[in-house]
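Asker: Handing you this structure, nothing more for now.
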Amino acid sequence: MTKIILLVLGLLLVYWILRSYRKRVEKPESPPRTGSAEDMVRCAQCGVHLPRSESIVTRGNFYCSAEHQRQHAQPD
């Protein structure tokens, strides 16, 4: 009788472990952050996209660095 009870408890333990493992594997991906999204702008010199807050703005043009700002201002 004790062996049957131990067998049933062992099977329940295995079932519980497999069920928790399956939940972790099938867990849906986390939802995206709820923080506010920021506008992305394109560098007028190289075309890379970056957040507006990280860009340098000159005469309505956005730049990713001061170097690109200088290069774009110089005539070719």
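Residues in the structure tokens are named by chain (A, B, ... in the order shown) and by number from 1 within that chain; ligands are numbered from 1 in the order shown.
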Tell me, which residues of chain A carry DSSP alpha helix (DSSP H), written as an MDAnalysis selection string?
Answerer: chainID A and resid 2:25 66:73
Asker: What's the 12 Å shell around A:Ala37, counting only C-alpha atoms, without same-chain residues fewer than 6 positions away, as a count of residues only?
Answerer: 3
Asker: Work out how far apart atom CA of A:Pro28 and atom CA of A:Met40 are and give it in Å to one decimal.
Answerer: 28.1 Å
Asker: As a PyMOL selection string, please: the residues near A:His49 (cut-off 9 Å, only C-alpha atoms, same-chain neighbours under 5 positions excluded).
Answerer: chain A and resi 40-43+64
Asker: Could the residues in this selection be saved with C-alpha atoms as a PDB file, in the first residue's frame?
Answerer:
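Writing done, so here's result-v2.pdb:
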```pdb
ATOM      1  CA  MET A  40      12.866  59.104 -34.781  1.00  0.00           C
ATOM      2  CA  VAL A  41      14.649  61.475 -37.161  1.00  0.00           C
ATOM      3  CA  ARG A  42      17.084  60.912 -40.030  1.00  0.00           C
ATOM      4  CA  CYS A  43      20.568  62.424 -40.144  1.00  0.00           C
ATOM      5  CA  CYS A  64      23.649  62.420 -35.558  1.00  0.00           C
TER       6      CYS A  64
END
```
Asker: Expressed in Å to a single decimal, how great is the separation between atom CA of A:Val57 and atom CA of A:Gln69?
Answerer: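 Taking atom CA of A:Val57 and atom CA of A:Gln69, their separation equals 8.6 Å.
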Asker: Find the residues near A:Ala44: any atom within 8 Å, counting only C-alpha atoms, skip ones fewer than 2 places away on the same chain, and give them as a list in words.
Answerer: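 The residues that qualify are Arg42, Cys46, Gly47, Asn61, Phe62, Tyr63 and His72 of chain A.
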Asker: Write the selection just made, keeping N, CA and C atoms, as a short mmCIF file (atom, residue, chain, number, x, y, z; two decimals), in the first residue's frame?
Answerer:
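Heads up, here's the output in result_27.cif:
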```cif
data_model
loop_
_atom_site.label_atom_id
_atom_site.label_comp_id
_atom_site.auth_asym_id
_atom_site.auth_seq_id
_atom_site.Cartn_x
_atom_site.Cartn_y
_atom_site.Cartn_z
N ARG A 42 16.03 61.41 -39.15
CA ARG A 42 17.08 60.91 -40.03
C ARG A 42 18.18 61.96 -40.15
N CYS A 46 24.31 61.35 -43.16
CA CYS A 46 24.57 59.93 -43.41
C CYS A 46 23.29 59.09 -43.52
N GLY A 47 22.16 59.62 -43.09
CA GLY A 47 20.90 58.91 -43.23
C GLY A 47 20.54 57.98 -42.09
N ASN A 61 17.33 70.82 -40.09
CA ASN A 61 17.96 69.55 -40.43
C ASN A 61 18.44 68.87 -39.16
N PHE A 62 18.36 67.55 -39.15
CA PHE A 62 18.79 66.77 -37.99
C PHE A 62 20.11 66.08 -38.33
N TYR A 63 21.01 66.02 -37.33
CA TYR A 63 22.31 65.39 -37.51
C TYR A 63 22.57 64.45 -36.34
N HIS A 72 28.04 68.67 -43.47
CA HIS A 72 26.89 69.03 -44.31
C HIS A 72 26.85 70.51 -44.59
#
```
Asker: Run DSSP on the backbone and give me the residues of chain A it puts in strand (DSSP E), as a PyMOL selection string.
Answerer: chain A and resi 40-42+49-51+56-58+61-63
Asker: What separation in Å, quoted to one decimal, exists between atom CA of A:Leu50 and atom CA of A:Ser36?
Answerer: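 It comes out at 15.7 Å.
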Asker: Of the residues A:Leu6, A:Val25, A:Val48, A:Val14, which is the one nearest to A:His68, using only C-alpha atoms?
Answerer: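 For A:His68, the nearest of the candidates is A:Val48.
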Asker: Given only C-alpha atoms as the basis, pick out the residue of A:Asp39, A:Gln45, A:Lys27, A:Thr2 nearest to A:Glu67.
Answerer: A:Gln45
